[in-house]
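Encoded as structure tokens, the structure appears first; notes follow it.
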Amino acid sequence: MDRKQCCVKLSVHPSRGLVDEKFVVLVQNVCPGSQLTVRALHKCEDGHTWDAFGHYIANATATVNVSEDPSLGGTYSGVEPMGLLWSLRPVPGSKRGLRMRKMNVQTPMVVTISVYQGHQTEGFVDQVPLASAVVERWYMAPGVRRIPITEDGLTATLFLPPGPGPFPGLLDLWGGGGKLVEYRAALLASHGIASLALDYLTPKVTIETGKAVGDDYFEKAYRVLEQHPQILGSRIAMLGLSLGTSITLRMAVYSKVMKLRCAVCISGTHAQWVGKPLEQMMTFMSVNATKVRYDEEKNVIMRDMMLPISTDPSLKVDVGRFQCPLLLIVGEDDQDTPAYEAAIDMKEMMERAGNSHLLTILSYPDAGHLIEPPFTPFARASTFREVQSHQKMMVLWGGETVAHSRAQEDSWRKTLVFLREHLYGDAKPGAALLSRL
């Protein structure tokens, strides 16, 4: 290594920030025209290692700016300021079906950014980088409070934004994987919305009874928000993904307790047994598991499990009765749920009922099922726990890496705008919108 290489400088700004915040990676003091590889490395809490890298050529001022310069190859190409994060993939040799998810939101996602000489594609562990920098990515902003909730049999965590409040509130529901998933609620609290992450498939009450929770379980969670002294009880939203969308739609329309200010539904459907226990839908999906198809890599395509419901008009939430603004976010390559078709059907139902002015649809070509906060690494397929049998299967979620990553960034920004408008402002809901990237 020559003297010039010893002086290579790598900086990342900000080096500590929220996971949805962009950073700038700058390499300085290299030879003009030299080939360089910039790599990101992250070790998850589960012990698995992920990496991403781009190939660059230093400009005439002896620098590489990842936010402005194109990557000529690697795990991403072109000008991609955050490609080092959204293109993270399990390192070669990792087991199949991994999905990156932060379980302990009280610690940061730590990423090491390094620069190497030449355009490298493998063997990084055997090389010494020219320079490195450590970056912290947080779901919890400084001052956000994490409060476990166990009253009335609930399994939940409340995240309160910094300051005395009062704050608008949000009930956050994930999908059929079960367990308490906190990172989206923590991030929403970091943006000023008190958020309650709720586990509704594996709480203590379901283990004791062997049955799924009822609608009253979600109403209890709603009351926790409504009655909290630091939360505005008249300004509460609900956000669901996948199965969480079905429950959000159901509760928004039929609950006599929950009076939502607005709702956000991601990658889900209105098709379900209205007025019957959640357990019946879960049982139906298990019984119809034999109807699933498989792709060429033996990943399960789950869309077929819901088709017998989604084609029956009597088995749908009557969204024509919606009384609050509704944001639907769907990927058009969703291979888990017929969410795009459901969104179009809901749009037509609301138009017939005269409440389509409450509806906004964000539809993304080539995006899959798992539409998460920005820069979350893409998983086209991953291991999934089948709720009834507790067996694991490899599920195809769909989507293409770049298009899906664009959808995540765009939909998150618009979700925050939507929530702020209807939870903080008094503006009337705008006209129905069908937007595409």
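Here, A, B, ... name the chains of the structure tokens in the order displayed, residue numbers run from 1 inside each chain, and ligands are numbered from 1 in the same displayed order.
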
Who sits within 7 Å of stretch 154-170 of chain A, only C-alpha atoms, same chain under 4 positions skipped, as a PyMOL selection string: chain A and resi 143-150+180+185-186+189-190+192-199+203+225+230-232+235-238+423

Residue list (helix (DSSP H, G or I), DSSP) for stretch 359-410 of chain A, as a VMD selection string: chain A and resid 401 to 410

Hey, which bits of stretch 158-206 of chain A sit within 12 Å of stretch 353-377 of chain A, and for each residue what's the closest pair of atoms and how far apart in Å (one decimal), counting only C-alpha atoms, rows by chain and increasing number, as CSV?
```
residue,atom,partner,partner_atom,distance
A:Trp174,CA,A:Leu370,CA,10.5
A:Gly175,CA,A:Leu370,CA,10.0
A:Tyr183,CA,A:Pro373,CA,9.4
A:Arg184,CA,A:Pro373,CA,7.3
A:Ala185,CA,A:Pro373,CA,10.7
A:Ala186,CA,A:Pro373,CA,11.4
A:Leu187,CA,A:Pro373,CA,8.7
A:Leu188,CA,A:Pro373,CA,10.0
```

Residues within 10 Å of A:Met100, only C-alpha atoms, excluding chain neighbours under 2 positions, as a ChimeraX atom specification: /A:43-46,48-50,88-90,98,102-103,376-379,382

Polymer residues at most 8 Å from stretch 27-39 of chain A, only C-alpha atoms, same-chain spacing of 5 or more positions, as a ChimeraX atom specification: /A:4-5,7-11,51-65,84,113-120

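Each of A:Gln127, A:Thr337, A:Ser267, A:Ser246 was checked against A:Val319 using only C-alpha atoms; the smallest atom-to-atom distance is that of A:Ser246.
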
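Excluding A:Val257 itself and any same-chain residue fewer than 2 positions from it, the protein and nucleic acid residues within 10 Å of it, counting only C-alpha atoms, are A:Asp216, A:Phe218, A:Glu219, A:Lys220, A:Tyr222, A:Arg223, A:Met251, A:Ala252, A:Tyr254, A:Ser255, A:Lys259, A:Leu260.
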
For the residues selected in the previous step, produce a file with all heavy atoms as a short mmCIF file (atom, residue, chain, number, x, y, z; two decimals), in the first residue's frame.
```cif
data_model
loop_
_atom_site.label_atom_id
_atom_site.label_comp_id
_atom_site.auth_asym_id
_atom_site.auth_seq_id
_atom_site.Cartn_x
_atom_site.Cartn_y
_atom_site.Cartn_z
N ASP A 216 -62.80 -7.57 20.71
CA ASP A 216 -62.65 -6.80 21.95
C ASP A 216 -61.19 -6.60 22.31
O ASP A 216 -60.84 -5.63 23.00
CB ASP A 216 -63.38 -7.50 23.10
CG ASP A 216 -62.83 -8.89 23.40
OD1 ASP A 216 -62.43 -9.59 22.44
OD2 ASP A 216 -62.80 -9.27 24.58
N PHE A 218 -58.77 -5.80 20.23
CA PHE A 218 -58.32 -4.59 19.53
C PHE A 218 -58.96 -3.35 20.14
O PHE A 218 -58.34 -2.29 20.19
CB PHE A 218 -58.65 -4.71 18.04
CG PHE A 218 -58.06 -5.94 17.41
CD1 PHE A 218 -58.84 -7.06 17.17
CD2 PHE A 218 -56.71 -6.00 17.10
CE1 PHE A 218 -58.29 -8.20 16.60
CE2 PHE A 218 -56.15 -7.13 16.53
CZ PHE A 218 -56.94 -8.24 16.30
N GLU A 219 -60.18 -3.49 20.61
CA GLU A 219 -60.85 -2.36 21.26
C GLU A 219 -60.17 -2.01 22.59
O GLU A 219 -60.08 -0.83 22.94
CB GLU A 219 -62.32 -2.69 21.47
CG GLU A 219 -63.09 -2.75 20.14
CD GLU A 219 -64.52 -3.22 20.28
OE1 GLU A 219 -64.85 -3.81 21.34
OE2 GLU A 219 -65.31 -3.02 19.34
N LYS A 220 -59.67 -3.01 23.30
CA LYS A 220 -58.91 -2.74 24.52
C LYS A 220 -57.63 -1.96 24.20
O LYS A 220 -57.27 -1.02 24.92
CB LYS A 220 -58.54 -4.05 25.22
CG LYS A 220 -59.70 -4.78 25.87
CD LYS A 220 -59.24 -6.10 26.47
CE LYS A 220 -60.38 -6.89 27.06
NZ LYS A 220 -59.93 -8.21 27.59
N TYR A 222 -57.18 -0.02 21.65
CA TYR A 222 -57.62 1.33 21.28
C TYR A 222 -57.86 2.18 22.52
O TYR A 222 -57.47 3.36 22.57
CB TYR A 222 -58.89 1.24 20.44
CG TYR A 222 -59.52 2.57 20.09
CD1 TYR A 222 -59.10 3.30 18.99
CD2 TYR A 222 -60.57 3.08 20.87
CE1 TYR A 222 -59.69 4.51 18.67
CE2 TYR A 222 -61.16 4.29 20.56
CZ TYR A 222 -60.72 4.99 19.46
OH TYR A 222 -61.30 6.20 19.14
N ARG A 223 -58.48 1.59 23.54
CA ARG A 223 -58.78 2.35 24.77
C ARG A 223 -57.51 2.75 25.50
O ARG A 223 -57.46 3.79 26.17
CB ARG A 223 -59.68 1.52 25.69
CG ARG A 223 -61.12 1.39 25.20
CD ARG A 223 -62.01 0.84 26.31
NE ARG A 223 -63.37 0.64 25.85
CZ ARG A 223 -63.87 -0.52 25.46
NH1 ARG A 223 -63.07 -1.60 25.44
NH2 ARG A 223 -65.12 -0.64 25.09
N MET A 251 -62.32 -3.33 11.85
CA MET A 251 -62.58 -2.55 13.06
C MET A 251 -63.02 -1.13 12.72
O MET A 251 -63.88 -0.56 13.40
CB MET A 251 -61.34 -2.53 13.95
CG MET A 251 -60.84 -3.90 14.39
SD MET A 251 -62.09 -4.94 15.18
CE MET A 251 -62.43 -3.99 16.66
N ALA A 252 -62.46 -0.55 11.68
CA ALA A 252 -62.82 0.81 11.29
C ALA A 252 -64.29 0.91 10.88
O ALA A 252 -64.96 1.91 11.15
CB ALA A 252 -61.93 1.30 10.15
N TYR A 254 -66.88 -1.63 11.55
CA TYR A 254 -67.90 -2.28 12.36
C TYR A 254 -67.80 -2.03 13.86
O TYR A 254 -68.78 -2.26 14.58
CB TYR A 254 -67.89 -3.79 12.10
CG TYR A 254 -68.19 -4.14 10.67
CD1 TYR A 254 -67.21 -4.73 9.85
CD2 TYR A 254 -69.43 -3.86 10.09
CE1 TYR A 254 -67.48 -5.05 8.53
CE2 TYR A 254 -69.70 -4.17 8.77
CZ TYR A 254 -68.72 -4.76 8.00
OH TYR A 254 -68.99 -5.06 6.68
N SER A 255 -66.64 -1.62 14.36
CA SER A 255 -66.52 -1.43 15.80
C SER A 255 -67.33 -0.22 16.27
O SER A 255 -67.28 0.86 15.66
CB SER A 255 -65.05 -1.23 16.20
OG SER A 255 -64.94 -0.90 17.58
N LYS A 259 -63.31 4.94 17.09
CA LYS A 259 -63.67 6.07 16.24
C LYS A 259 -62.37 6.64 15.65
O LYS A 259 -61.75 7.53 16.22
CB LYS A 259 -64.40 7.15 17.04
CG LYS A 259 -65.62 6.62 17.81
CD LYS A 259 -66.68 6.04 16.87
CE LYS A 259 -67.88 5.52 17.66
NZ LYS A 259 -68.88 4.87 16.77
N LEU A 260 -61.97 6.08 14.53
CA LEU A 260 -60.67 6.41 13.96
C LEU A 260 -60.69 7.74 13.23
O LEU A 260 -61.67 8.08 12.54
CB LEU A 260 -60.21 5.32 13.01
CG LEU A 260 -60.03 3.91 13.60
CD1 LEU A 260 -59.60 2.94 12.53
CD2 LEU A 260 -59.03 3.93 14.75
#
```

10 Å contact set for A:Leu249, only C-alpha atoms, chain neighbours under 6 positions out, as a VMD selection string: chain A and resid 238 to 240 255 263 to 265 268 to 271 316 to 319 322 326

Same residues, N, CA and C atoms, output as a short mmCIF file (atom, residue, chain, number, x, y, z; two decimals), in the first residue's frame:
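Full text of out.cif as output:
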```
data_model
loop_
_atom_site.label_atom_id
_atom_site.label_comp_id
_atom_site.auth_asym_id
_atom_site.auth_seq_id
_atom_site.Cartn_x
_atom_site.Cartn_y
_atom_site.Cartn_z
N MET A 238 -55.18 4.01 12.72
CA MET A 238 -54.84 2.59 12.75
C MET A 238 -54.06 2.28 11.48
N LEU A 239 -53.01 1.46 11.64
CA LEU A 239 -52.16 1.09 10.51
C LEU A 239 -51.99 -0.42 10.52
N GLY A 240 -52.27 -1.06 9.38
CA GLY A 240 -52.12 -2.51 9.29
C GLY A 240 -51.38 -2.92 8.04
N SER A 255 -66.64 -1.62 14.36
CA SER A 255 -66.52 -1.43 15.80
C SER A 255 -67.33 -0.22 16.27
N ALA A 263 -57.04 5.85 8.58
CA ALA A 263 -56.48 4.50 8.57
C ALA A 263 -55.53 4.35 7.40
N VAL A 264 -54.47 3.56 7.62
CA VAL A 264 -53.49 3.23 6.57
C VAL A 264 -53.43 1.71 6.46
N CYS A 265 -53.61 1.18 5.25
CA CYS A 265 -53.61 -0.26 5.04
C CYS A 265 -52.61 -0.62 3.94
N GLY A 268 -52.96 -5.57 1.85
CA GLY A 268 -53.98 -6.40 2.45
C GLY A 268 -55.26 -6.39 1.64
N THR A 269 -56.29 -7.01 2.21
CA THR A 269 -57.55 -7.14 1.50
C THR A 269 -58.73 -6.96 2.44
N HIS A 270 -59.88 -6.61 1.88
CA HIS A 270 -61.12 -6.48 2.64
C HIS A 270 -61.89 -7.78 2.69
N ALA A 271 -61.37 -8.84 2.07
CA ALA A 271 -62.05 -10.12 2.01
C ALA A 271 -61.85 -10.89 3.32
N LYS A 316 -66.89 -9.75 2.36
CA LYS A 316 -66.04 -8.56 2.26
C LYS A 316 -66.50 -7.51 3.26
N VAL A 317 -65.54 -6.78 3.81
CA VAL A 317 -65.86 -5.62 4.64
C VAL A 317 -66.57 -4.59 3.75
N ASP A 318 -67.66 -4.05 4.23
CA ASP A 318 -68.41 -3.05 3.47
C ASP A 318 -67.73 -1.69 3.60
N VAL A 319 -66.69 -1.49 2.79
CA VAL A 319 -65.94 -0.24 2.87
C VAL A 319 -66.77 0.96 2.44
N PHE A 322 -67.24 3.33 5.22
CA PHE A 322 -66.09 4.04 5.80
C PHE A 322 -66.44 5.50 6.06
N LEU A 326 -58.93 7.01 4.25
CA LEU A 326 -58.29 5.70 4.14
C LEU A 326 -57.19 5.75 3.08
#
```
